[in-house]
Amino acid sequence: MTGVPASAAGGSSPASAAQSAAAQSAESEQVTVTALGPTAADVTPLAEPEGDARPPRGAKLAAAAVNQASVWNIANLLTMLRLILVPGFVALMLADGGYDPAWRSFAWAAFAVAMITDLFDGHLARTYNLVTDFGKIADPIADKAIMGAALICLSSLGDLPWWVTIVILGRELGITLMRFVVIRYGVIPASRGGKLKTLVQGIAVGMYVLALTGWLATLRWWVMAAAVVLTVLTGLDYVRQAIVLRRAGIAEREAAAQETQE
């Protein structure tokens, strides 16, 4: 019986089997590389240069809006309320000739609210970091406006001597102007005496706004006398502090100039 060749019998030769295995291995490696390779979505972000990164449109406007909105904090709102109360207080104080006890009581309520907000707005601004340029300007203006309006109304109605109004307002305006003059050398902080002066002034003026009689009318005279004394003494103390601060500032500048020359 003659032998039949392996190729004719349908079997695979060793050479053809090796070629088939090599082809399958190459195809598998190609698929693996393709699957592990980076896709277009992965490559695109890397192709963008870092220098072209820009903030989203409107970001600057949003930041400006936030800064502007920071002005509307609770401390500044209390200051605005005190400014709004000034014309309301004057209207109530002078209503019906200025001597009606009921209208004077309403005026006292407006004055009391203004004084209470004066105690809290500065404390809130410093405690919660709500200090703004608007508050720095508006707060002292509101303080002087409500006190000045009350004193002028009382003097115009004959309830308070004009010299008391002149002394108190002259001191307040003079010290405020002096603070701005010496601010180049430093800031004069509010002293305990100054805070006590403000409290006593508010109590005295509030008692004069009310239509008091008898021993209460006598008591308010003594309270106003104490307010005037504190006004003068604390004013002199602020002048002393301003002179010391100015001298120290000038000495520091001269020393710095001499060091520069050397």
# chains A, B, ... in the order shown; residues from 1 in each chain; ligands from 1
>>> residues_around(residues="Ala114 of chain A", least_positions_apart="2", cutoff="8 Å", atoms="only C-alpha atoms", output="list in words")
Leu81, Arg82, Leu85, Ala110, Phe111, Ala112, Ile116, Thr117, Asp118 and Ile146 of chain A
>>> residues_around(residues="segment 247-250 of chain A", least_positions_apart="2", cutoff="12 Å", atoms="only C-alpha atoms", output="list in words")
Val182, Ile183, Arg184, Tyr185, Gly186, Val187, Arg240, Gln241, Ala242, Ile243, Val244, Leu245, Glu252, Arg253, Glu254, Ala255, Ala256 and Ala257 of chain A
>>> write_last_selection(atoms="all heavy atoms", output="short mmCIF file (atom, residue, chain, number, x, y, z; two decimals), in the first residue's frame")
data_model
loop_
_atom_site.label_atom_id
_atom_site.label_comp_id
_atom_site.auth_asym_id
_atom_site.auth_seq_id
_atom_site.Cartn_x
_atom_site.Cartn_y
_atom_site.Cartn_z
N VAL A 182 -3.32 115.39 60.49
CA VAL A 182 -2.20 114.60 60.99
C VAL A 182 -2.23 113.15 60.53
O VAL A 182 -1.42 112.35 60.99
CB VAL A 182 -2.15 114.65 62.54
CG1 VAL A 182 -2.02 116.08 63.03
CG2 VAL A 182 -3.38 113.98 63.14
N ILE A 183 -3.16 112.81 59.64
CA ILE A 183 -3.26 111.41 59.23
C ILE A 183 -2.03 110.95 58.47
O ILE A 183 -1.73 109.76 58.40
CB ILE A 183 -4.54 111.20 58.38
CG1 ILE A 183 -4.88 109.71 58.30
CG2 ILE A 183 -4.36 111.81 56.99
CD1 ILE A 183 -6.23 109.45 57.66
N ARG A 184 -1.26 111.90 57.91
CA ARG A 184 -0.02 111.53 57.22
C ARG A 184 1.03 110.99 58.19
O ARG A 184 1.94 110.27 57.78
CB ARG A 184 0.54 112.76 56.49
CG ARG A 184 1.06 113.84 57.42
CD ARG A 184 1.56 115.05 56.67
NE ARG A 184 0.46 115.77 56.03
CZ ARG A 184 0.61 116.88 55.32
NH1 ARG A 184 1.83 117.37 55.14
NH2 ARG A 184 -0.44 117.48 54.80
N TYR A 185 0.90 111.33 59.45
CA TYR A 185 1.84 110.85 60.45
C TYR A 185 1.31 109.63 61.22
O TYR A 185 2.09 108.93 61.85
CB TYR A 185 2.15 111.97 61.46
CG TYR A 185 2.64 113.23 60.81
CD1 TYR A 185 1.84 114.37 60.77
CD2 TYR A 185 3.91 113.31 60.23
CE1 TYR A 185 2.28 115.54 60.17
CE2 TYR A 185 4.36 114.48 59.64
CZ TYR A 185 3.54 115.59 59.61
OH TYR A 185 3.97 116.74 59.01
N GLY A 186 0.02 109.41 61.18
CA GLY A 186 -0.57 108.28 61.88
C GLY A 186 -2.02 108.55 62.21
O GLY A 186 -2.57 109.62 61.89
N VAL A 187 -2.65 107.59 62.86
CA VAL A 187 -4.07 107.67 63.20
C VAL A 187 -4.21 107.87 64.71
O VAL A 187 -3.56 107.19 65.50
CB VAL A 187 -4.82 106.40 62.76
CG1 VAL A 187 -6.28 106.47 63.19
CG2 VAL A 187 -4.70 106.21 61.27
N ARG A 240 -3.33 117.24 72.20
CA ARG A 240 -2.02 116.81 72.70
C ARG A 240 -1.51 115.60 71.93
O ARG A 240 -0.34 115.54 71.53
CB ARG A 240 -2.13 116.48 74.19
CG ARG A 240 -0.83 116.01 74.82
CD ARG A 240 -1.08 115.43 76.20
NE ARG A 240 -1.94 114.26 76.16
CZ ARG A 240 -1.52 113.04 75.83
NH1 ARG A 240 -0.25 112.83 75.52
NH2 ARG A 240 -2.37 112.03 75.81
N GLN A 241 -2.40 114.61 71.71
CA GLN A 241 -1.99 113.43 70.95
C GLN A 241 -1.57 113.78 69.53
O GLN A 241 -0.61 113.22 69.00
CB GLN A 241 -3.14 112.41 70.92
CG GLN A 241 -3.48 111.78 72.25
CD GLN A 241 -4.54 110.70 72.11
OE1 GLN A 241 -4.45 109.83 71.26
NE2 GLN A 241 -5.56 110.77 72.95
N ALA A 242 -2.27 114.71 68.93
CA ALA A 242 -1.94 115.12 67.57
C ALA A 242 -0.56 115.78 67.51
O ALA A 242 0.22 115.53 66.59
CB ALA A 242 -3.01 116.07 67.03
N ILE A 243 -0.25 116.61 68.51
CA ILE A 243 1.07 117.28 68.54
C ILE A 243 2.18 116.24 68.71
O ILE A 243 3.20 116.29 68.01
CB ILE A 243 1.09 118.32 69.67
CG1 ILE A 243 0.12 119.46 69.37
CG2 ILE A 243 2.51 118.86 69.86
CD1 ILE A 243 -0.01 120.47 70.51
N VAL A 244 1.98 115.29 69.64
CA VAL A 244 2.99 114.25 69.86
C VAL A 244 3.16 113.40 68.60
O VAL A 244 4.29 113.07 68.21
CB VAL A 244 2.59 113.38 71.06
CG1 VAL A 244 3.53 112.18 71.19
CG2 VAL A 244 2.61 114.20 72.34
N LEU A 245 2.06 113.04 67.98
CA LEU A 245 2.13 112.21 66.77
C LEU A 245 2.83 112.95 65.64
O LEU A 245 3.66 112.36 64.92
CB LEU A 245 0.71 111.82 66.35
CG LEU A 245 0.58 110.86 65.17
CD1 LEU A 245 1.20 109.51 65.51
CD2 LEU A 245 -0.89 110.68 64.81
N GLU A 252 10.93 110.93 62.63
CA GLU A 252 11.18 109.72 61.85
C GLU A 252 11.57 110.07 60.42
O GLU A 252 12.46 109.46 59.83
CB GLU A 252 9.95 108.81 61.87
CG GLU A 252 9.69 108.18 63.23
CD GLU A 252 8.46 107.30 63.21
OE1 GLU A 252 7.81 107.23 62.14
OE2 GLU A 252 8.14 106.69 64.25
N ARG A 253 10.91 111.04 59.85
CA ARG A 253 11.24 111.45 58.47
C ARG A 253 12.65 112.04 58.39
O ARG A 253 13.40 111.77 57.45
CB ARG A 253 10.22 112.46 57.98
CG ARG A 253 8.84 111.86 57.68
CD ARG A 253 7.95 112.86 57.01
NE ARG A 253 6.66 112.28 56.66
CZ ARG A 253 5.71 112.93 55.98
NH1 ARG A 253 5.91 114.18 55.61
NH2 ARG A 253 4.57 112.34 55.70
N GLU A 254 12.99 112.85 59.37
CA GLU A 254 14.33 113.45 59.37
C GLU A 254 15.40 112.37 59.54
O GLU A 254 16.45 112.42 58.89
CB GLU A 254 14.44 114.49 60.47
CG GLU A 254 13.59 115.74 60.22
CD GLU A 254 13.68 116.73 61.38
OE1 GLU A 254 14.28 116.36 62.41
OE2 GLU A 254 13.18 117.85 61.22
N ALA A 255 15.14 111.40 60.42
CA ALA A 255 16.11 110.31 60.62
C ALA A 255 16.25 109.49 59.34
O ALA A 255 17.37 109.09 58.95
CB ALA A 255 15.65 109.42 61.78
N ALA A 256 15.15 109.23 58.67
CA ALA A 256 15.20 108.47 57.41
C ALA A 256 15.95 109.24 56.35
O ALA A 256 16.73 108.67 55.56
CB ALA A 256 13.79 108.13 56.95
N ALA A 257 15.78 110.57 56.31
CA ALA A 257 16.49 111.37 55.33
C ALA A 257 17.99 111.38 55.59
O ALA A 257 18.79 111.32 54.64
CB ALA A 257 15.93 112.80 55.35
#
>>> closest_residue(among="A:Val90, A:Leu151, A:Leu173, A:Leu230", to="Leu196 of chain A", atoms="only C-alpha atoms")
A:Leu230
>>> residues_around(residues="Met224 of chain A", least_positions_apart="3", cutoff="6 Å", atoms="only C-alpha atoms", output="PyMOL selection string")
chain A and resi 204+221+227
>>> residues_around(residues="Thr234 of chain A", least_positions_apart="6", cutoff="9 Å", atoms="only C-alpha atoms", output="list of chain:residue names")
A:Ser191, A:Gly193, A:Gly194, A:Lys197
>>> write_last_selection(atoms="N, CA, C and O atoms", output="mmCIF file, in the first residue's frame")
data_model
loop_
_atom_site.group_PDB
_atom_site.id
_atom_site.type_symbol
_atom_site.label_atom_id
_atom_site.label_comp_id
_atom_site.auth_asym_id
_atom_site.auth_seq_id
_atom_site.Cartn_x
_atom_site.Cartn_y
_atom_site.Cartn_z
ATOM 1 N N SER A 191 -10.225 107.364 72.294
ATOM 2 C CA SER A 191 -9.867 107.062 73.671
ATOM 3 C C SER A 191 -11.114 106.702 74.480
ATOM 4 O O SER A 191 -12.246 106.895 74.030
ATOM 5 N N GLY A 193 -12.004 108.211 77.136
ATOM 6 C CA GLY A 193 -12.656 109.477 77.455
ATOM 7 C C GLY A 193 -13.543 109.957 76.321
ATOM 8 O O GLY A 193 -14.636 110.484 76.557
ATOM 9 N N GLY A 194 -13.085 109.764 75.092
ATOM 10 C CA GLY A 194 -13.901 110.154 73.948
ATOM 11 C C GLY A 194 -15.177 109.344 73.848
ATOM 12 O O GLY A 194 -16.255 109.875 73.534
ATOM 13 N N LYS A 197 -17.471 110.556 76.537
ATOM 14 C CA LYS A 197 -18.035 111.839 76.116
ATOM 15 C C LYS A 197 -19.219 111.638 75.182
ATOM 16 O O LYS A 197 -20.276 112.281 75.323
#
>>> select_by_dssp(residues="segment 72-170 of chain A", states="alpha helix (DSSP H)", output="ChimeraX atom specification")
/A:74-94,101-127,133-156,162-170
>>> residues_around(residues="Ile152 of chain A", least_positions_apart="6", cutoff="9 Å", atoms="only C-alpha atoms", output="PyMOL selection string")
chain A and resi 160+162+165
